Amino acid sequence: MPHDATQHDDSGHFRQRLGLFDLTMIGFGSIFGSGWLFAAAHVADMAGPASIVSWLIGGIAVLLIGLVYCELGAALPLAGSVVRYPEQAHGSTAAFLTGAMTTIAFSSLISIEIVAARQYADAWTGGLTRNASGDPTLAGWLVQLAVMGVLYAINRRGIGSFALINNIVTVFKFLVPTLVVVLLLAAMHPGNFSLHGFAPHGFQGVETAISAGGVIFAYLGLTPILSVASEVRNPQRTIPIALVASITLAMLVYLLLQTAFIGALPPALLTDGWNGIATRLSLPFHDIAVQLGLGFLALMVVTDAILSPTGTGNIYMSATARVVYAWSRSGTFFPVFQRMDTQRGVPDKALLLTFGLALFWTLPFPSWQALIGVVSSALMLSYAMAPTSAAALRRCQPDLPRPFRLPCFSVLSPLAFAIASLIVIWTGWSTLCWLMPALLVLTGIFMMLVRRNLSSAAWSQELRSSLWMPVYFLGLLGLSWCGPFQGTGLLNHVWDDVAVIAFALIIHHWAALCGVKTSR
């Protein structure tokens, strides 16, 4: 099957109604969800004051990957394009795996955000959460169901209604954290930054906070911008600007929030060290505002804590539907999900599946923290496909129009891939020991099914272009087992990082060499 983007033009189905402000609000709104509400305490627990460094490293890592996406998004502005880039670069197996990883991660993100909103709402109303782990009561679960139903209805009306509501919610989401920063910085205890040492758990604590503490989870908002690429006016200019602006703005706000959180903690809470901060402050910014006697701020935090994650869930409801649509358009998922409501410009069957998946994820994984490692790993693996896709397309489709060309590509693309691989490893063996085998099984099943329908020459091409992926998964599994993050510790965290970087650079070069050669 030829992988030509012109063959998959979506402009006749979707309506180009989104401008630069709309797209930036989608990006910032998707990045700035429940992460700021819970992650500050979790990363402080793991890294102490050095958690500020975790936010900085995480932001730079995501910005690097975002720059690669700028080139891809401007060159191929397609609906659900996070799936379409690997399809164009490496064929159907890459499209299938990226579609599966992204759909699972995005749909579970919807439920994570709605669960976070419900947990904060319980502080206001009571009766929605039944234990300290955050599990819902029956009334709490029904509230989650009702909210998801409202989000489904908003997205069913079309991209215009979605964008208007998102813009209003995102502006409010920005104002409340700004107020939190100003008031908490006024109650600063400078000694908190050196109490028990700036990095009480060393750099390994910083790494763990990035992957498992919620830092990367908080930053994972790049791809919703790309998912609506076919609905953007002047996408070649708008997408790169919106990507960089939303990441930079979010990084600035997260750094200020973490600094304010650490500085405003009453020193009495830190008598025994940083361990257990997340347990003692289950609703961090609300609880610290109460302890400081800032009742009005606590009320504003709870209000935003309900609205902010709900707004992010709304964005992912839209983005997941378009990813499912693109997955179907790639020919590697059921064709029924290509169905469009042309009057509204909405992939209605894909949206209905998205609602069902989001609802499913509220059943076995009821608390905010339960899915963080899995979602972060799955989405980072999905993000890792961007540098390899961009590198392969540069070699195999050099004449593809690229309105935005990433400077220093030969350095930045491998670096982005290496950083994404490191973050996956930092998630830990307990997550990767089943996630990687699951991806390997999916790869094997799909390739066996594909083999039946391809000629020998086409099968050889598919195998050549996609073999690097199972090798990559196996290598990450082995390095995680050898490493210090819940692994055997055969490699300490320095040598494990060096080994992961070296392995990632080899895989990136291999992936760049084995792209699908097509004529546009």
# chains A, B, ... in the order shown; residues from 1 in each chain; ligands from 1
>>> residues_around(residues="range 376-385 of chain A", least_positions_apart="5", cutoff="7 Å", atoms="only C-alpha atoms", output="number ranges by chain")
A: 86, 98, 101-102, 105, 211, 216-217, 417, 420, 424, 427
>>> write_last_selection(atoms="C-alpha atoms", output="PDB file, in the first residue's frame")
ATOM      1  CA  PRO A  86       4.949   6.438  11.580  1.00  0.00           C
ATOM      2  CA  THR A  98       1.525   3.814  17.544  1.00  0.00           C
ATOM      3  CA  MET A 101      -0.260   2.857  22.338  1.00  0.00           C
ATOM      4  CA  THR A 102      -1.736   6.305  21.764  1.00  0.00           C
ATOM      5  CA  ALA A 105      -2.888   6.211  26.735  1.00  0.00           C
ATOM      6  CA  SER A 211       9.080   9.524  35.089  1.00  0.00           C
ATOM      7  CA  ILE A 216       6.339  13.798  32.373  1.00  0.00           C
ATOM      8  CA  PHE A 217       2.684  12.943  32.860  1.00  0.00           C
ATOM      9  CA  PHE A 417      14.853   9.993  20.872  1.00  0.00           C
ATOM     10  CA  ALA A 420      12.379   9.764  25.374  1.00  0.00           C
ATOM     11  CA  VAL A 424      10.709   5.247  29.583  1.00  0.00           C
ATOM     12  CA  THR A 427       9.502   4.593  34.825  1.00  0.00           C
TER      13      THR A 427
END
>>> residues_around(residues="Ile26 in chain A", least_positions_apart="3", cutoff="7 Å", atoms="only C-alpha atoms", output="list of chain:residue names")
A:Asp22, A:Leu23, A:Gly29, A:Ser30, A:Ile225, A:Ile315
>>> residues_around(residues="range 150-157 of chain A", least_positions_apart="3", cutoff="12 Å", atoms="only C-alpha atoms", output="ChimeraX atom specification")
/A:110-111,114,143-147,160-166,309-322,340-356,358-359
>>> select_by_dssp(residues="range 340-492 of chain A", states="alpha helix (DSSP H)", output="number ranges by chain")
A: 348-361, 372-396, 409-426, 429-453, 456-466, 468-482
>>> residues_around(residues="range 183-188 of chain A", least_positions_apart="3", cutoff="12 Å", atoms="only C-alpha atoms", output="PyMOL selection string")
chain A and resi 176-180+191-193+256-267+285-286+288-298
>>> closest_residue(among="A:Thr208, A:Thr388, A:Thr129, A:Gln236", to="Ser410 in chain A", atoms="only C-alpha atoms")
A:Thr388
>>> select_by_dssp(residues="range 212-405 of chain A", states="strand (DSSP E or B)", output="NGL selection string")
:A and (228 or 232 or 341 or 346)
>>> closest_atom_pairs(of="range 414-467 of chain A", to="range 45-68 of chain A", cutoff="10 Å", atoms="only C-alpha atoms", output="CSV")
residue,atom,partner,partner_atom,distance
A:Leu415,CA,A:Leu64,CA,8.1
A:Ala416,CA,A:Ile65,CA,5.4
A:Phe417,CA,A:Ile65,CA,7.8
A:Ala418,CA,A:Ala61,CA,9.7
A:Ile419,CA,A:Ala61,CA,6.3
A:Ala420,CA,A:Ala61,CA,7.5
A:Ile423,CA,A:Gly58,CA,8.9
>>> residues_around(residues="Leu270 in chain A", least_positions_apart="5", cutoff="10 Å", atoms="only C-alpha atoms", output="list in words")
Asn192, Leu195, His196, Leu265, Asn275, Gly276 and Ile277 of chain A
>>> write_last_selection(atoms="all heavy atoms", output="PDB file, in the first residue's frame")
ATOM      1  N   ASN A 192      13.677  26.048  53.578  1.00  0.00           N
ATOM      2  CA  ASN A 192      13.161  24.764  53.088  1.00  0.00           C
ATOM      3  C   ASN A 192      14.014  24.192  51.958  1.00  0.00           C
ATOM      4  O   ASN A 192      14.088  22.979  51.766  1.00  0.00           O
ATOM      5  CB  ASN A 192      11.723  24.916  52.592  1.00  0.00           C
ATOM      6  CG  ASN A 192      10.735  25.109  53.720  1.00  0.00           C
ATOM      7  OD1 ASN A 192      11.107  25.065  54.895  1.00  0.00           O
ATOM      8  ND2 ASN A 192       9.473  25.341  53.382  1.00  0.00           N
ATOM      9  N   LEU A 195      17.044  22.515  53.734  1.00  0.00           N
ATOM     10  CA  LEU A 195      16.750  21.592  54.833  1.00  0.00           C
ATOM     11  C   LEU A 195      16.870  20.154  54.339  1.00  0.00           C
ATOM     12  O   LEU A 195      16.259  19.784  53.336  1.00  0.00           O
ATOM     13  CB  LEU A 195      15.340  21.870  55.358  1.00  0.00           C
ATOM     14  CG  LEU A 195      14.948  21.243  56.699  1.00  0.00           C
ATOM     15  CD1 LEU A 195      15.802  21.819  57.819  1.00  0.00           C
ATOM     16  CD2 LEU A 195      13.465  21.508  56.985  1.00  0.00           C
ATOM     17  N   HIS A 196      17.694  19.332  55.002  1.00  0.00           N
ATOM     18  CA  HIS A 196      17.959  17.937  54.615  1.00  0.00           C
ATOM     19  C   HIS A 196      18.669  17.837  53.262  1.00  0.00           C
ATOM     20  O   HIS A 196      18.709  16.766  52.658  1.00  0.00           O
ATOM     21  CB  HIS A 196      16.663  17.115  54.573  1.00  0.00           C
ATOM     22  CG  HIS A 196      15.842  17.191  55.808  1.00  0.00           C
ATOM     23  ND1 HIS A 196      16.264  16.669  57.015  1.00  0.00           N
ATOM     24  CD2 HIS A 196      14.625  17.757  56.050  1.00  0.00           C
ATOM     25  CE1 HIS A 196      15.338  16.892  57.949  1.00  0.00           C
ATOM     26  NE2 HIS A 196      14.339  17.564  57.390  1.00  0.00           N
ATOM     27  N   LEU A 265       5.862  25.439  52.339  1.00  0.00           N
ATOM     28  CA  LEU A 265       5.602  24.363  53.299  1.00  0.00           C
ATOM     29  C   LEU A 265       6.007  24.787  54.712  1.00  0.00           C
ATOM     30  O   LEU A 265       7.121  25.289  54.910  1.00  0.00           O
ATOM     31  CB  LEU A 265       6.401  23.112  52.921  1.00  0.00           C
ATOM     32  CG  LEU A 265       5.848  22.240  51.790  1.00  0.00           C
ATOM     33  CD1 LEU A 265       6.869  21.174  51.409  1.00  0.00           C
ATOM     34  CD2 LEU A 265       4.540  21.576  52.219  1.00  0.00           C
ATOM     35  N   ASN A 275      10.331  12.555  52.828  1.00  0.00           N
ATOM     36  CA  ASN A 275       9.519  11.348  52.615  1.00  0.00           C
ATOM     37  C   ASN A 275       8.155  11.491  53.275  1.00  0.00           C
ATOM     38  O   ASN A 275       8.049  11.904  54.428  1.00  0.00           O
ATOM     39  CB  ASN A 275      10.225  10.110  53.188  1.00  0.00           C
ATOM     40  CG  ASN A 275      11.475   9.760  52.405  1.00  0.00           C
ATOM     41  OD1 ASN A 275      11.601  10.140  51.247  1.00  0.00           O
ATOM     42  ND2 ASN A 275      12.398   9.049  53.032  1.00  0.00           N
ATOM     43  N   GLY A 276       7.110  11.139  52.538  1.00  0.00           N
ATOM     44  CA  GLY A 276       5.764  11.149  53.084  1.00  0.00           C
ATOM     45  C   GLY A 276       5.013  12.444  52.902  1.00  0.00           C
ATOM     46  O   GLY A 276       3.867  12.563  53.366  1.00  0.00           O
ATOM     47  N   ILE A 277       5.615  13.430  52.223  1.00  0.00           N
ATOM     48  CA  ILE A 277       4.919  14.696  51.990  1.00  0.00           C
ATOM     49  C   ILE A 277       3.628  14.469  51.211  1.00  0.00           C
ATOM     50  O   ILE A 277       2.581  15.050  51.505  1.00  0.00           O
ATOM     51  CB  ILE A 277       5.838  15.689  51.230  1.00  0.00           C
ATOM     52  CG1 ILE A 277       6.931  16.211  52.161  1.00  0.00           C
ATOM     53  CG2 ILE A 277       5.036  16.858  50.665  1.00  0.00           C
ATOM     54  CD1 ILE A 277       6.413  17.046  53.308  1.00  0.00           C
TER      55      ILE A 277
END
>>> decode(residues="range 378-410 of chain A", atoms="N, CA and C atoms", output="compact mmCIF listing (two decimals), in the first residue's frame")
# COMPACT_ATOMS: atom_id res chain seq x y z
N ALA A 378 3.75 4.61 27.96
CA ALA A 378 3.10 4.38 26.66
C ALA A 378 3.17 5.62 25.77
N LEU A 379 2.92 6.79 26.36
CA LEU A 379 2.95 8.01 25.56
C LEU A 379 4.37 8.40 25.18
N MET A 380 5.34 8.14 26.06
CA MET A 380 6.72 8.43 25.69
C MET A 380 7.18 7.53 24.54
N LEU A 381 6.75 6.27 24.55
CA LEU A 381 7.06 5.38 23.42
C LEU A 381 6.41 5.89 22.15
N SER A 382 5.19 6.40 22.28
CA SER A 382 4.52 7.00 21.13
C SER A 382 5.26 8.23 20.65
N TYR A 383 5.71 9.07 21.60
CA TYR A 383 6.47 10.27 21.25
C TYR A 383 7.81 9.90 20.60
N ALA A 384 8.40 8.80 21.06
CA ALA A 384 9.69 8.38 20.51
C ALA A 384 9.60 8.06 19.02
N MET A 385 8.39 7.76 18.54
CA MET A 385 8.21 7.49 17.12
C MET A 385 8.37 8.76 16.28
N ALA A 386 8.27 9.94 16.88
CA ALA A 386 8.37 11.19 16.12
C ALA A 386 9.79 11.40 15.57
N PRO A 387 10.85 11.34 16.41
CA PRO A 387 12.20 11.52 15.86
C PRO A 387 12.57 10.47 14.81
N THR A 388 12.19 9.21 15.05
CA THR A 388 12.53 8.16 14.08
C THR A 388 11.76 8.36 12.78
N SER A 389 10.49 8.80 12.88
CA SER A 389 9.70 9.07 11.67
C SER A 389 10.28 10.24 10.90
N ALA A 390 10.63 11.30 11.61
CA ALA A 390 11.18 12.48 10.95
C ALA A 390 12.51 12.16 10.27
N ALA A 391 13.35 11.36 10.93
CA ALA A 391 14.65 10.99 10.34
C ALA A 391 14.46 10.13 9.09
N ALA A 392 13.53 9.17 9.16
CA ALA A 392 13.28 8.31 8.00
C ALA A 392 12.70 9.11 6.84
N LEU A 393 11.79 10.03 7.13
CA LEU A 393 11.18 10.84 6.07
C LEU A 393 12.20 11.78 5.42
N ARG A 394 13.15 12.27 6.20
CA ARG A 394 14.20 13.11 5.60
C ARG A 394 15.02 12.34 4.58
N ARG A 395 15.26 11.07 4.88
CA ARG A 395 16.05 10.26 3.94
C ARG A 395 15.22 9.77 2.76
N CYS A 396 13.99 9.32 3.04
CA CYS A 396 13.19 8.66 2.01
C CYS A 396 12.31 9.61 1.21
N GLN A 397 11.96 10.73 1.81
CA GLN A 397 11.13 11.72 1.10
C GLN A 397 11.78 13.11 1.24
N PRO A 398 12.97 13.27 0.65
CA PRO A 398 13.67 14.55 0.80
C PRO A 398 12.94 15.72 0.14
N ASP A 399 12.07 15.43 -0.83
CA ASP A 399 11.36 16.50 -1.54
C ASP A 399 10.03 16.87 -0.88
N LEU A 400 9.68 16.23 0.21
CA LEU A 400 8.45 16.57 0.92
C LEU A 400 8.52 18.02 1.38
N PRO A 401 7.55 18.86 1.04
CA PRO A 401 7.59 20.27 1.48
C PRO A 401 7.61 20.37 3.00
N ARG A 402 8.59 21.08 3.52
CA ARG A 402 8.74 21.25 4.96
C ARG A 402 8.77 22.74 5.30
N PRO A 403 7.60 23.34 5.54
CA PRO A 403 7.56 24.77 5.86
C PRO A 403 8.40 25.11 7.09
N PHE A 404 8.50 24.17 8.04
CA PHE A 404 9.37 24.33 9.21
C PHE A 404 10.41 23.22 9.17
N ARG A 405 11.67 23.58 9.03
CA ARG A 405 12.76 22.61 9.05
C ARG A 405 13.53 22.78 10.36
N LEU A 406 13.61 21.72 11.12
CA LEU A 406 14.31 21.77 12.41
C LEU A 406 15.80 21.97 12.18
N PRO A 407 16.39 23.06 12.67
CA PRO A 407 17.84 23.25 12.52
C PRO A 407 18.60 22.24 13.38
N CYS A 408 19.83 21.94 12.96
CA CYS A 408 20.68 20.97 13.69
C CYS A 408 19.96 19.65 13.87
N PHE A 409 19.22 19.22 12.84
CA PHE A 409 18.38 18.02 12.94
C PHE A 409 19.19 16.78 13.29
N SER A 410 20.38 16.65 12.71
CA SER A 410 21.19 15.44 12.92
C SER A 410 21.63 15.29 14.38
